[in-house]
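**Student:** As input, take my_file-v4.txt (compact mmCIF, C-alpha atoms):
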```txt
# COMPACT_ATOMS: atom_id res chain seq x y z
CA MET A 1 -9.76 32.17 -11.46
CA ASN A 2 -7.67 35.32 -11.00
CA GLU A 3 -7.22 38.42 -13.10
CA ALA A 4 -3.73 37.47 -14.31
CA LEU A 5 -5.02 34.17 -15.71
CA LEU A 6 -8.05 35.87 -17.27
CA GLN A 7 -5.76 38.40 -19.00
CA PHE A 8 -3.57 35.55 -20.19
CA ILE A 9 -6.57 33.66 -21.61
CA TRP A 10 -7.78 36.78 -23.40
CA GLN A 11 -4.35 37.68 -24.77
CA TYR A 12 -3.74 34.24 -26.28
CA SER A 13 -7.40 33.53 -27.21
CA LEU A 14 -7.57 30.42 -25.03
CA TYR A 15 -11.34 30.22 -25.31
CA ASN A 16 -13.89 29.02 -27.84
CA PRO A 17 -14.30 32.02 -30.17
CA THR A 18 -17.52 30.79 -31.76
CA GLN A 19 -20.92 31.92 -30.55
CA LEU A 20 -19.59 34.69 -28.33
CA ARG A 21 -22.38 36.99 -27.20
CA THR A 22 -22.54 40.04 -24.98
CA THR A 23 -24.58 39.89 -21.80
CA GLN A 24 -27.27 41.71 -23.83
CA GLY A 25 -27.35 38.83 -26.32
CA GLU A 26 -25.56 40.51 -29.24
CA LEU A 27 -23.21 38.42 -31.38
CA LEU A 28 -19.56 39.35 -30.70
CA THR A 29 -16.41 38.67 -32.72
CA VAL A 30 -12.88 39.35 -31.50
CA VAL A 31 -10.98 40.70 -34.51
CA TYR A 32 -7.93 41.65 -32.42
CA PRO A 33 -7.77 41.31 -28.59
CA GLY A 34 -5.57 44.40 -28.26
CA LYS A 35 -2.06 45.17 -27.08
CA ARG A 36 -1.29 44.37 -23.45
CA ASN A 37 -0.92 47.54 -21.37
CA THR A 38 1.60 47.19 -18.54
CA ASN A 39 1.09 50.76 -17.32
CA ALA A 40 -1.84 52.42 -15.55
CA GLY A 41 -5.17 52.24 -17.36
CA PRO A 42 -7.12 49.55 -19.24
CA ASP A 43 -5.61 46.07 -19.61
CA PHE A 44 -5.58 46.04 -23.43
CA GLU A 45 -5.30 48.90 -25.91
CA GLU A 46 -6.14 49.28 -29.60
CA ALA A 47 -8.45 46.26 -29.62
CA ARG A 48 -10.88 45.65 -32.47
CA ILE A 49 -14.20 44.07 -31.56
CA ARG A 50 -17.22 43.51 -33.77
CA VAL A 51 -20.57 43.67 -31.97
CA GLY A 52 -23.37 42.78 -34.34
CA ASP A 53 -22.51 44.67 -37.51
CA THR A 54 -20.54 47.42 -35.74
CA LEU A 55 -16.73 47.40 -35.56
CA LEU A 56 -15.43 48.98 -32.33
CA VAL A 57 -11.83 50.10 -31.86
CA GLY A 58 -10.45 51.03 -28.44
CA ASN A 59 -9.60 49.65 -25.02
CA VAL A 60 -10.65 46.47 -23.23
CA GLU A 61 -10.78 46.05 -19.45
CA LEU A 62 -10.87 42.63 -17.74
CA HIS A 63 -12.15 41.64 -14.30
CA VAL A 64 -12.89 38.35 -12.59
CA ARG A 65 -16.33 39.74 -11.64
CA SER A 66 -18.25 42.56 -13.26
CA SER A 67 -18.74 44.13 -9.81
CA ASP A 68 -14.96 44.74 -9.70
CA TRP A 69 -15.52 47.68 -12.05
CA GLN A 70 -17.16 49.65 -9.25
CA LYS A 71 -14.80 48.33 -6.58
CA HIS A 72 -11.85 49.67 -8.57
CA HIS A 73 -13.59 53.04 -9.07
CA HIS A 74 -13.19 52.96 -12.85
CA THR A 75 -16.33 55.00 -13.51
CA GLN A 76 -14.68 58.15 -12.12
CA ASP A 77 -11.29 57.44 -13.75
CA LYS A 78 -10.64 59.31 -17.02
CA ASN A 79 -8.26 56.53 -18.10
CA TYR A 80 -11.29 54.28 -18.62
CA GLN A 81 -13.37 56.56 -20.84
CA ASN A 82 -12.55 54.80 -24.12
CA ILE A 83 -13.65 51.28 -23.13
CA ILE A 84 -15.24 49.30 -25.96
CA LEU A 85 -15.62 46.01 -24.06
CA HIS A 86 -15.68 44.78 -20.47
CA VAL A 87 -14.53 41.14 -20.30
CA VAL A 88 -15.42 39.28 -17.10
CA TYR A 89 -15.24 35.72 -15.90
CA SER A 90 -18.48 36.06 -13.98
CA ASP A 91 -21.20 38.66 -14.57
CA ASP A 92 -22.26 38.83 -10.91
CA VAL A 93 -23.66 42.37 -11.00
CA PRO A 94 -24.92 43.41 -14.48
CA MET A 95 -23.89 46.97 -15.39
CA GLN A 96 -27.17 48.34 -16.75
CA SER A 97 -26.00 51.94 -17.19
CA ALA A 98 -22.65 51.18 -18.86
CA ASN A 99 -22.09 52.60 -22.33
CA PHE A 100 -20.05 49.57 -23.43
CA PRO A 101 -20.94 45.86 -23.81
CA THR A 102 -19.88 43.12 -21.37
CA LEU A 103 -18.65 39.64 -22.33
CA GLU A 104 -18.92 36.86 -19.76
CA LEU A 105 -16.12 34.46 -20.72
CA SER A 106 -16.46 31.61 -18.20
CA ARG A 107 -18.66 29.36 -20.32
CA HIS A 108 -16.28 29.63 -23.29
CA ILE A 109 -13.03 28.65 -21.51
CA PRO A 110 -12.03 24.97 -21.82
CA GLY A 111 -11.79 23.30 -18.42
CA TYR A 112 -8.29 21.92 -19.06
CA VAL A 113 -6.85 25.45 -19.31
CA ILE A 114 -7.84 26.26 -15.73
CA VAL A 115 -6.93 22.78 -14.46
CA GLN A 116 -3.43 22.93 -15.95
CA TYR A 117 -2.81 26.45 -14.73
CA THR A 118 -4.00 25.53 -11.22
CA HIS A 119 -1.67 22.54 -11.17
CA LEU A 120 1.33 24.67 -12.17
CA ILE A 121 0.63 27.30 -9.54
CA GLN A 122 -0.25 24.98 -6.66
CA THR A 123 2.43 22.32 -7.05
CA THR A 124 5.19 22.27 -4.45
CA GLN A 125 7.75 20.88 -6.91
CA PRO A 126 10.69 23.20 -7.65
CA ILE A 127 9.91 22.95 -11.37
CA ALA A 128 6.13 23.15 -11.65
CA CYS A 129 5.91 21.81 -15.20
CA ALA A 130 8.33 18.90 -14.67
CA LYS A 131 5.78 16.16 -15.45
CA SER A 132 4.55 17.99 -18.55
CA LEU A 133 7.88 18.90 -20.16
CA SER A 134 7.62 15.99 -22.61
CA ARG A 135 4.52 17.61 -24.14
CA VAL A 136 6.46 20.71 -25.17
CA LYS A 137 7.99 20.78 -28.65
CA GLU A 138 11.78 20.87 -28.83
CA LEU A 139 11.63 23.93 -31.08
CA THR A 140 9.64 25.79 -28.39
CA LYS A 141 12.21 24.87 -25.76
CA GLU A 142 15.17 25.82 -27.96
CA SER A 143 13.81 29.21 -29.00
CA TRP A 144 12.82 30.01 -25.40
CA LEU A 145 16.28 29.11 -24.10
CA ASN A 146 17.87 31.41 -26.68
CA ARG A 147 15.66 34.24 -25.49
CA LEU A 148 16.41 33.47 -21.84
CA LEU A 149 20.17 33.59 -22.41
CA ALA A 150 19.84 36.97 -24.12
CA GLU A 151 17.59 38.13 -21.26
CA ARG A 152 20.19 37.03 -18.70
CA TRP A 153 22.91 38.98 -20.46
CA GLU A 154 20.69 42.00 -20.94
CA HIS A 155 20.15 42.02 -17.17
CA LYS A 156 23.91 41.91 -16.74
CA LEU A 157 24.20 44.89 -19.07
CA ALA A 158 21.79 46.82 -16.86
CA GLU A 159 23.78 45.85 -13.74
CA TRP A 160 27.15 46.64 -15.32
CA GLU A 161 25.99 49.89 -16.93
CA THR A 162 26.62 51.73 -13.65
CA LEU A 163 30.18 50.40 -13.49
CA LEU A 164 30.72 51.33 -17.11
CA LYS A 165 29.58 54.90 -16.44
CA GLU A 166 31.86 55.11 -13.41
CA SER A 167 34.77 54.13 -15.62
CA ALA A 168 33.80 56.73 -18.25
CA GLY A 169 32.82 54.03 -20.73
CA ASP A 170 36.19 52.24 -20.48
CA TRP A 171 35.45 48.58 -21.27
CA ARG A 172 38.97 47.55 -20.24
CA ASN A 173 38.27 48.83 -16.75
CA LEU A 174 34.89 47.07 -16.67
CA LEU A 175 36.59 43.81 -17.66
CA TYR A 176 39.20 44.31 -14.90
CA TRP A 177 36.51 44.87 -12.27
CA ARG A 178 34.35 41.95 -13.40
CA LEU A 179 37.32 39.58 -13.69
CA ALA A 180 38.28 40.51 -10.16
CA ALA A 181 34.77 39.87 -8.90
CA ASN A 182 34.75 36.53 -10.72
CA PHE A 183 38.00 35.51 -9.04
CA GLY A 184 36.09 35.87 -5.78
CA PHE A 185 33.77 33.05 -6.93
CA LYS A 186 30.56 34.18 -5.25
CA VAL A 187 31.70 34.05 -1.60
CA ASN A 188 34.39 36.71 -2.01
CA ALA A 189 33.06 38.40 -5.15
CA ALA A 190 32.10 41.60 -3.30
CA PRO A 191 35.46 42.19 -1.55
CA PHE A 192 37.31 41.31 -4.76
CA LEU A 193 35.32 43.95 -6.65
CA THR A 194 35.98 46.44 -3.85
CA LEU A 195 39.69 45.62 -4.08
CA ALA A 196 39.76 46.19 -7.84
CA ARG A 197 37.90 49.47 -7.55
CA SER A 198 40.38 50.66 -4.91
CA LEU A 199 43.35 49.95 -7.17
CA PRO A 200 43.20 51.71 -10.56
CA LEU A 201 44.05 49.56 -13.56
CA ASN A 202 46.52 52.14 -14.86
CA ILE A 203 48.62 51.68 -11.71
CA LEU A 204 48.77 47.91 -12.18
CA ALA A 205 49.62 48.46 -15.86
CA ARG A 206 52.78 50.36 -14.87
CA HIS A 207 54.03 47.32 -12.95
CA LYS A 208 52.68 44.44 -15.03
CA GLU A 209 56.21 43.31 -15.98
CA ASN A 210 57.00 42.77 -12.29
CA LEU A 211 54.88 40.01 -10.70
CA PHE A 212 56.17 40.73 -7.20
CA GLN A 213 55.06 44.37 -7.37
CA ILE A 214 51.63 43.36 -8.68
CA GLU A 215 51.29 40.95 -5.75
CA ALA A 216 52.39 43.67 -3.33
CA LEU A 217 49.78 46.07 -4.71
CA LEU A 218 46.93 43.51 -4.62
CA PHE A 219 47.70 41.96 -1.23
CA GLY A 220 48.40 45.39 0.23
CA GLN A 221 45.16 46.90 -1.06
CA ALA A 222 43.34 43.80 0.20
CA GLY A 223 44.44 44.79 3.69
CA MET A 224 46.41 41.54 4.12
CA LEU A 225 49.84 43.08 4.75
CA GLU A 226 49.06 44.91 7.98
CA GLU A 227 50.43 42.22 10.33
CA ASN A 228 53.93 41.30 11.49
CA PHE A 229 55.07 38.24 9.57
CA GLN A 230 57.60 35.50 10.14
CA ASP A 231 58.22 34.53 6.52
CA ASP A 232 60.49 36.60 4.30
CA TYR A 233 58.02 36.69 1.37
CA PRO A 234 55.14 38.54 3.08
CA ASN A 235 57.61 40.85 4.83
CA ARG A 236 59.10 41.84 1.47
CA LEU A 237 55.59 42.30 0.06
CA LYS A 238 54.78 44.54 3.02
CA GLN A 239 57.88 46.64 2.48
CA GLU A 240 57.23 46.98 -1.27
CA TYR A 241 53.61 47.89 -0.70
CA GLY A 242 54.60 50.53 1.83
CA PHE A 243 56.64 52.28 -0.86
CA LEU A 244 53.94 51.92 -3.57
CA ARG A 245 51.19 52.97 -1.20
CA LYS A 246 52.89 56.30 -0.55
CA LYS A 247 53.78 56.76 -4.20
CA TYR A 248 50.17 56.37 -5.38
CA THR A 249 48.35 57.54 -2.21
CA LEU A 250 46.53 54.23 -1.85
CA HIS A 251 44.14 53.22 0.91
CA PRO A 252 43.66 49.48 1.62
CA ILE A 253 40.19 48.00 2.07
CA PRO A 254 39.17 46.49 5.45
CA THR A 255 40.62 43.04 6.02
CA HIS A 256 37.44 41.74 7.69
CA LEU A 257 35.63 41.76 4.32
CA TRP A 258 37.44 38.59 3.25
CA LYS A 259 35.86 35.22 4.05
CA PHE A 260 37.90 32.09 4.80
CA MET A 261 35.39 30.10 6.85
CA ARG A 262 33.78 26.96 5.41
CA MET A 263 35.93 27.13 2.28
CA ARG A 264 38.31 24.62 0.75
CA PRO A 265 41.86 26.02 1.18
CA PRO A 266 42.52 26.16 -2.62
CA ASN A 267 39.64 28.66 -2.76
CA PHE A 268 41.03 30.92 -0.04
CA PRO A 269 41.13 34.59 -1.12
CA THR A 270 44.90 34.59 -0.62
CA ILE A 271 45.25 31.94 -3.35
CA ARG A 272 42.78 33.69 -5.64
CA ILE A 273 44.58 37.04 -5.25
CA ALA A 274 47.91 35.39 -6.11
CA GLN A 275 46.31 33.78 -9.20
CA PHE A 276 44.74 37.09 -10.21
CA ALA A 277 48.15 38.73 -9.92
CA ALA A 278 49.58 36.03 -12.18
CA LEU A 279 46.88 36.72 -14.78
CA ILE A 280 47.58 40.46 -14.79
CA HIS A 281 51.32 39.78 -15.06
CA LYS A 282 50.84 37.28 -17.89
CA SER A 283 48.33 39.22 -19.95
CA VAL A 284 49.24 41.70 -22.64
CA HIS A 285 46.38 43.52 -24.36
CA LEU A 286 43.96 41.35 -22.37
CA PHE A 287 40.78 43.17 -23.40
CA SER A 288 41.45 42.98 -27.13
CA LYS A 289 42.36 39.29 -26.86
CA ILE A 290 39.17 38.51 -24.97
CA ILE A 291 36.97 40.48 -27.35
CA GLU A 292 38.54 38.94 -30.44
CA THR A 293 38.86 35.31 -29.25
CA ALA A 294 35.86 33.03 -29.78
CA ASN A 295 37.78 29.80 -29.27
CA ALA A 296 37.26 28.25 -25.84
CA LYS A 297 40.61 26.45 -25.89
CA GLU A 298 42.52 29.65 -26.66
CA LEU A 299 40.72 31.46 -23.85
CA SER A 300 41.46 28.59 -21.48
CA VAL A 301 45.17 28.87 -22.25
CA LEU A 302 44.96 32.62 -21.61
CA LEU A 303 43.29 32.07 -18.22
CA GLN A 304 45.32 29.09 -17.00
CA VAL A 305 47.55 30.71 -14.42
CA THR A 306 49.42 29.46 -11.36
CA ALA A 307 50.10 31.36 -8.14
CA SER A 308 53.76 32.24 -7.47
CA GLU A 309 56.14 29.75 -5.86
CA TYR A 310 55.53 30.77 -2.22
CA TRP A 311 51.96 29.51 -2.53
CA ASN A 312 53.11 26.01 -3.50
CA LYS A 313 53.57 25.42 0.24
CA HIS A 314 51.03 27.85 1.70
CA PHE A 315 47.35 28.69 1.73
CA ARG A 316 47.84 31.66 4.07
CA PHE A 317 50.84 33.75 5.06
CA ASP A 318 53.17 32.10 7.61
CA GLU A 319 51.16 28.83 7.63
CA LEU A 320 53.14 25.98 6.06
CA GLN A 321 50.94 23.27 4.56
CA LYS A 322 51.63 19.56 4.94
CA ARG A 323 51.40 18.55 1.29
CA PRO A 324 52.80 21.17 -1.12
CA PHE A 325 51.43 21.49 -4.65
CA PRO A 326 51.23 24.27 -7.28
CA LYS A 327 48.10 26.44 -6.95
CA ALA A 328 46.94 26.50 -10.56
CA LEU A 329 43.54 27.80 -11.58
CA GLY A 330 41.52 24.63 -12.27
CA ASP A 331 39.53 23.79 -15.38
CA ASP A 332 36.22 24.33 -13.57
CA SER A 333 37.34 27.78 -12.45
CA VAL A 334 38.50 28.68 -15.95
CA ASP A 335 35.14 27.60 -17.39
CA ASN A 336 33.38 29.61 -14.70
CA ILE A 337 35.27 32.77 -15.70
CA ILE A 338 34.53 32.24 -19.40
CA ILE A 339 30.84 31.63 -18.65
CA ASN A 340 30.29 34.44 -16.16
CA THR A 341 32.68 37.13 -17.39
CA ILE A 342 34.31 36.55 -20.78
CA ALA A 343 31.27 35.50 -22.82
CA PRO A 344 28.96 38.15 -21.26
CA VAL A 345 31.54 40.90 -21.85
CA GLN A 346 31.88 39.79 -25.48
CA PHE A 347 28.10 39.78 -25.89
CA LEU A 348 27.51 43.10 -24.14
CA TYR A 349 30.33 44.84 -25.99
CA ALA A 350 28.89 43.63 -29.30
CA TYR A 351 25.42 44.65 -28.11
CA HIS A 352 26.71 48.14 -27.36
CA GLN A 353 28.38 48.31 -30.76
CA GLY A 354 25.31 46.96 -32.57
CA GLN A 355 27.26 43.96 -33.89
CA ILE A 356 24.71 41.15 -34.11
CA GLN A 357 27.18 38.67 -35.59
CA ASP A 358 29.56 39.14 -32.65
CA GLN A 359 26.67 38.66 -30.22
CA GLU A 360 25.97 35.30 -31.83
CA ARG A 361 29.66 34.46 -31.60
CA ALA A 362 29.54 34.96 -27.83
CA ILE A 363 26.60 32.55 -27.63
CA GLN A 364 28.53 30.02 -29.73
CA LEU A 365 31.43 30.35 -27.30
CA LEU A 366 29.18 29.23 -24.46
CA SER A 367 27.83 26.41 -26.61
CA SER A 368 31.35 24.99 -26.87
CA ILE A 369 31.82 24.77 -23.10
CA ARG A 370 30.53 22.02 -20.85
CA PRO A 371 27.51 22.90 -18.71
CA GLU A 372 27.78 24.10 -15.14
CA SER A 373 27.28 21.63 -12.32
CA ASN A 374 25.12 22.94 -9.50
CA ARG A 375 21.91 22.21 -7.63
CA ILE A 376 19.63 23.92 -10.15
CA ILE A 377 21.17 22.19 -13.18
CA HIS A 378 20.99 18.85 -11.37
CA THR A 379 17.28 19.51 -10.79
CA TRP A 380 16.72 20.03 -14.53
CA ASN A 381 18.70 16.88 -15.33
CA ASP A 382 16.60 14.92 -12.85
CA GLN A 383 13.48 16.02 -14.73
CA GLY A 384 14.81 14.61 -18.00
CA TRP A 385 16.17 17.85 -19.47
CA GLN A 386 19.74 16.81 -20.20
CA VAL A 387 21.89 19.92 -20.32
CA THR A 388 24.68 19.58 -22.88
CA ASN A 389 26.53 22.90 -22.80
CA ALA A 390 27.01 26.15 -20.87
CA ALA A 391 24.65 28.16 -23.08
CA GLU A 392 21.83 25.82 -22.04
CA SER A 393 22.84 25.80 -18.37
CA GLN A 394 22.95 29.61 -18.25
CA ALA A 395 19.52 29.84 -19.88
CA LEU A 396 18.08 27.22 -17.50
CA LEU A 397 19.49 29.12 -14.52
CA GLN A 398 17.66 32.20 -15.79
CA LEU A 399 14.49 30.16 -16.34
CA PHE A 400 14.57 28.70 -12.84
CA ASN A 401 15.51 31.88 -10.95
CA ALA A 402 13.42 34.39 -12.90
CA TYR A 403 10.37 32.26 -13.74
CA CYS A 404 10.06 28.85 -12.02
CA SER A 405 10.93 30.00 -8.50
CA ARG A 406 8.54 32.96 -8.86
CA LYS A 407 5.75 30.91 -10.46
CA ARG A 408 5.72 33.18 -13.53
CA CYS A 409 4.27 30.34 -15.63
CA LEU A 410 2.00 32.72 -17.53
CA GLU A 411 5.04 34.62 -18.80
CA CYS A 412 7.01 31.53 -19.77
CA ALA A 413 6.87 30.08 -23.29
CA ILE A 414 7.00 26.56 -21.85
CA GLY A 415 4.22 27.30 -19.35
CA LEU A 416 2.17 28.87 -22.15
CA ALA A 417 2.63 25.79 -24.35
CA ILE A 418 1.54 23.47 -21.53
CA ILE A 419 -1.52 25.49 -20.57
CA LYS A 420 -2.60 25.82 -24.21
CA SER A 421 -2.14 22.16 -25.07
CA LYS A 422 -5.06 19.82 -24.64
CA PRO A 423 -4.06 16.79 -22.52
CA VAL A 424 -3.98 13.43 -24.29
CA GLU A 425 -6.80 11.29 -22.92
```
Let me see whether you can do it: turn the structure in this file into structure tokens.
**Tutor:**
Amino acid sequence: MNEALLQFIWQYSLYNPTQLRTTQGELLTVVYPGKRNTNAGPDFEEARIRVGDTLLVGNVELHVRSSDWQKHHHTQDKNYQNIILHVVYSDDVPMQSANFPTLELSRHIPGYVIVQYTHLIQTTQPIACAKSLSRVKELTKESWLNRLLAERWEHKLAEWETLLKESAGDWRNLLYWRLAANFGFKVNAAPFLTLARSLPLNILARHKENLFQIEALLFGQAGMLEENFQDDYPNRLKQEYGFLRKKYTLHPIPTHLWKFMRMRPPNFPTIRIAQFAALIHKSVHLFSKIIETANAKELSVLLQVTASEYWNKHFRFDELQKRPFPKALGDDSVDNIIINTIAPVQFLYAYHQGQIQDQERAIQLLSSIRPESNRIIHTWNDQGWQVTNAAESQALLQLFNAYCSRKRCLECAIGLAIIKSKPVE
């Protein structure tokens, strides 16, 4: 037994409520266990407890052992003056001088609650509740996944809030930065974001009709035009960037930030920068289109871009490849951008505007896209949870990373359902 589990049992009344008595033998009824306090002070506030014929209203403190009250120095703490009940698992040292009753809960807790909690916490399986998932109602799973997806996007809002403030609340700029980071696809996300932040969107907007100039600006700011080249294309880019750099007083980012090692050549940052340039060149009123479009196919058409002709035969400057082919952004990459940038931006923008219907539309957008394919989603599939769309896969990623991997079973609706349910004998 630990204090977190005891608080959980008290909060959800996972004990036999009949024949509860204080350690002094008085009949006790829990009218309301109280509101969980996550700040300093007693564990539960505004509880209502009936002892004998007297209704008490106030705070409840929980400990594994009654002696913990003294160990935690609560007697001298003013935060613990309004205690109406001390709930303990074991009354090891009776508190004779206390002016509040004590309830020893151990004998009233069903054994299966502790057994199931212990199994979840001690298992070495990546998903602790894997063998018990079939006991959880589908409605419980569905409602929890909906909450997890919203939680994931709310976390993104907190992370992106700083960027939004830096751009003076300009959502178009936020979209530009996050699209750039997404084109880095995890490995090069950070340098891509740094590149975008070094090159103001309004400068790119002045040259969006000219793909070559957009490429010059992006490759130049990426620090990739500092060398002496053999091919005509990079030399012309270098010359064009030299002019634009002086015109706008630009400063390129360090070249060493970019990672090429252990990557498939189609994912090289050179290819991704060329594709990003093509998207900027192709897009007119990109932000409004993204905000207003809830159709996955229309968004896919918007995002399906191909790097310029030079890259048909190259992965890097001056290095001719053996088998030429157009460097188009693949379907998986397009889905990735919709999942990780487009849908969250739609949701967060609607959240900021207080448009609940548009928030739901963003969730429906994810529901129309196939699920992600990665190690975590494969683990869920292996446990019998067949993921059918990207809304589910995003929610399950949040569940695994924020709850399963941290053993936060007591804060998980699925863990709660398993611990509360009596095993079938």
**Student:** Could you pull the residues within 9 Å of Gly220 (chain A), counting only C-alpha atoms, minus those fewer than 3 positions along the same chain, as a list in words?
**Tutor:**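 The filter keeps Glu215, Ala216, Leu217, Gly223, Met224, Leu225, Glu226, Leu237, Lys238, Tyr241, Gly242, Arg245, His251, Pro252 and Ile253 of chain A.
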**Student:** Could you write those residues out with C-alpha atoms, as a PDB file, in the coordinates of the input?
**Tutor:**
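result34.pdb written:
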```
ATOM      1  CA  GLU A 215      51.290  40.950  -5.750  1.00  0.00           C
ATOM      2  CA  ALA A 216      52.390  43.670  -3.330  1.00  0.00           C
ATOM      3  CA  LEU A 217      49.780  46.070  -4.710  1.00  0.00           C
ATOM      4  CA  GLY A 223      44.440  44.790   3.690  1.00  0.00           C
ATOM      5  CA  MET A 224      46.410  41.540   4.120  1.00  0.00           C
ATOM      6  CA  LEU A 225      49.840  43.080   4.750  1.00  0.00           C
ATOM      7  CA  GLU A 226      49.060  44.910   7.980  1.00  0.00           C
ATOM      8  CA  LEU A 237      55.590  42.300   0.060  1.00  0.00           C
ATOM      9  CA  LYS A 238      54.780  44.540   3.020  1.00  0.00           C
ATOM     10  CA  TYR A 241      53.610  47.890  -0.700  1.00  0.00           C
ATOM     11  CA  GLY A 242      54.600  50.530   1.830  1.00  0.00           C
ATOM     12  CA  ARG A 245      51.190  52.970  -1.200  1.00  0.00           C
ATOM     13  CA  HIS A 251      44.140  53.220   0.910  1.00  0.00           C
ATOM     14  CA  PRO A 252      43.660  49.480   1.620  1.00  0.00           C
ATOM     15  CA  ILE A 253      40.190  48.000   2.070  1.00  0.00           C
TER      16      ILE A 253
END
```
**Student:** Which polymer residues have any atom within 6 Å of an atom of region 296-313 of chain A, counting only C-alpha atoms, with same-chain residues fewer than 2 positions away left out, as number ranges by chain?
**Tutor:** A: 274-275, 320-321, 324-329
**Student:** Rank A:Gly41, A:Gly52, A:Thr124, A:Gly111 by their smallest atom-to-atom distance to Ile83 (chain A), using all atoms listed in the file, and report the top residue only.
**Tutor:**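 Under the stated criterion, the closest residue is A:Gly41.
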**Student:** Considering only C-alpha atoms, state which residue in the set A:Cys129, A:Leu148, A:Ile376, A:Leu199 is at the smallest distance from Gly415 (chain A).
**Tutor:**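 Distance minimum relative to Gly415 (chain A) lands on A:Cys129.
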**Student:** List as a ChimeraX atom specification the protein and nucleic acid residues near Asp43 (chain A), meaning an atom at most 8 Å away when all atoms listed in the file are counted, but skip any in the same chain fewer than 2 places from it.
**Tutor:** /A:7,36-38,41,45,59-62
**Student:** Excluding region 405-411 of chain A and its own-chain neighbours fewer than 3 positions away, which residues fall within 8 Å of it when counting all atoms listed in the file? Please give them as a list in words.
**Tutor:**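 Close residues of region 405-411 of chain A: Leu5, Phe8, Leu120, Ile121, Pro126, Ile127, Ala128, Phe400, Asn401, Ala402, Ile414, Gly415 and Leu416 of chain A.
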**Student:** Mind checking which residues fall within 9 Å of Asn146 (chain A), counting all atoms listed in the file, ignoring those fewer than 6 positions away in the same chain, and posting them as a list in words?
**Tutor:**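 Within the cut-off, the hits are Ile363, Ala391, Glu392 and Ala395 of chain A.
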**Student:** Between CA of Ala390 (chain A) and CA of Ala362 (chain A), what is the distance in Å, rounded to a tenth?
**Tutor:**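 Taking CA of Ala390 (chain A) and CA of Ala362 (chain A), their separation equals 11.5 Å.
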**Student:** Quick one: what's the axis-aligned box for region 68-77 of chain A, all listed atoms, 8 Å on every side, centre and edges in Å to one decimal, as AutoDock Vina command-line options?
**Tutor:**
```
--center_x -14.2 --center_y 51.4 --center_z -10.2 --size_x 21.9 --size_y 29.4 --size_z 23.2
```
**Student:** Calculate how many Å separate CA of Met95 (chain A) from CA of Ser66 (chain A), rounding to one decimal.
**Tutor:**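 Value for the CA of Met95 (chain A)-CA of Ser66 (chain A) distance: 7.5 Å.
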**Student:** Would you compute the distance between CA of Val31 (chain A) and CA of Val51 (chain A)? Give it in Å to one decimal.
**Tutor:** 10.4 Å
**Student:** Go through A:Lys246, A:Arg316, A:His256, A:Lys208 and flag the residue nearest Phe276 (chain A), using all atoms listed in the file for the distances.
**Tutor:**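 Closest residue, counting all atoms listed in the file: A:Lys208.
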**Student:** Could you model N, CA and C atoms for region 353-364 of chain A and present them as a compact mmCIF listing (two decimals), in the frame of the given file?
**Tutor:**
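Wrote rebuild-v7.txt, looks like this:
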```txt
# COMPACT_ATOMS: atom_id res chain seq x y z
N GLN A 353 27.89 47.88 -29.46
CA GLN A 353 28.38 48.31 -30.76
C GLN A 353 27.40 48.00 -31.88
N GLY A 354 26.30 47.31 -31.55
CA GLY A 354 25.31 46.96 -32.57
C GLY A 354 25.78 45.88 -33.51
N GLN A 355 26.72 45.02 -33.07
CA GLN A 355 27.26 43.96 -33.89
C GLN A 355 26.55 42.63 -33.59
N ILE A 356 25.51 42.34 -34.36
CA ILE A 356 24.71 41.15 -34.11
C ILE A 356 25.52 39.88 -34.31
N GLN A 357 26.37 39.85 -35.31
CA GLN A 357 27.18 38.67 -35.59
C GLN A 357 28.11 38.34 -34.41
N ASP A 358 28.67 39.36 -33.80
CA ASP A 358 29.56 39.14 -32.65
C ASP A 358 28.77 38.71 -31.42
N GLN A 359 27.52 39.14 -31.31
CA GLN A 359 26.67 38.66 -30.22
C GLN A 359 26.45 37.16 -30.37
N GLU A 360 26.17 36.72 -31.57
CA GLU A 360 25.97 35.30 -31.83
C GLU A 360 27.24 34.50 -31.58
N ARG A 361 28.38 35.13 -31.85
CA ARG A 361 29.66 34.46 -31.60
C ARG A 361 29.87 34.20 -30.11
N ALA A 362 29.44 35.14 -29.28
CA ALA A 362 29.54 34.96 -27.83
C ALA A 362 28.67 33.80 -27.37
N ILE A 363 27.48 33.67 -27.97
CA ILE A 363 26.60 32.55 -27.63
C ILE A 363 27.23 31.23 -28.07
N GLN A 364 27.86 31.23 -29.26
CA GLN A 364 28.53 30.02 -29.73
C GLN A 364 29.69 29.63 -28.82
```
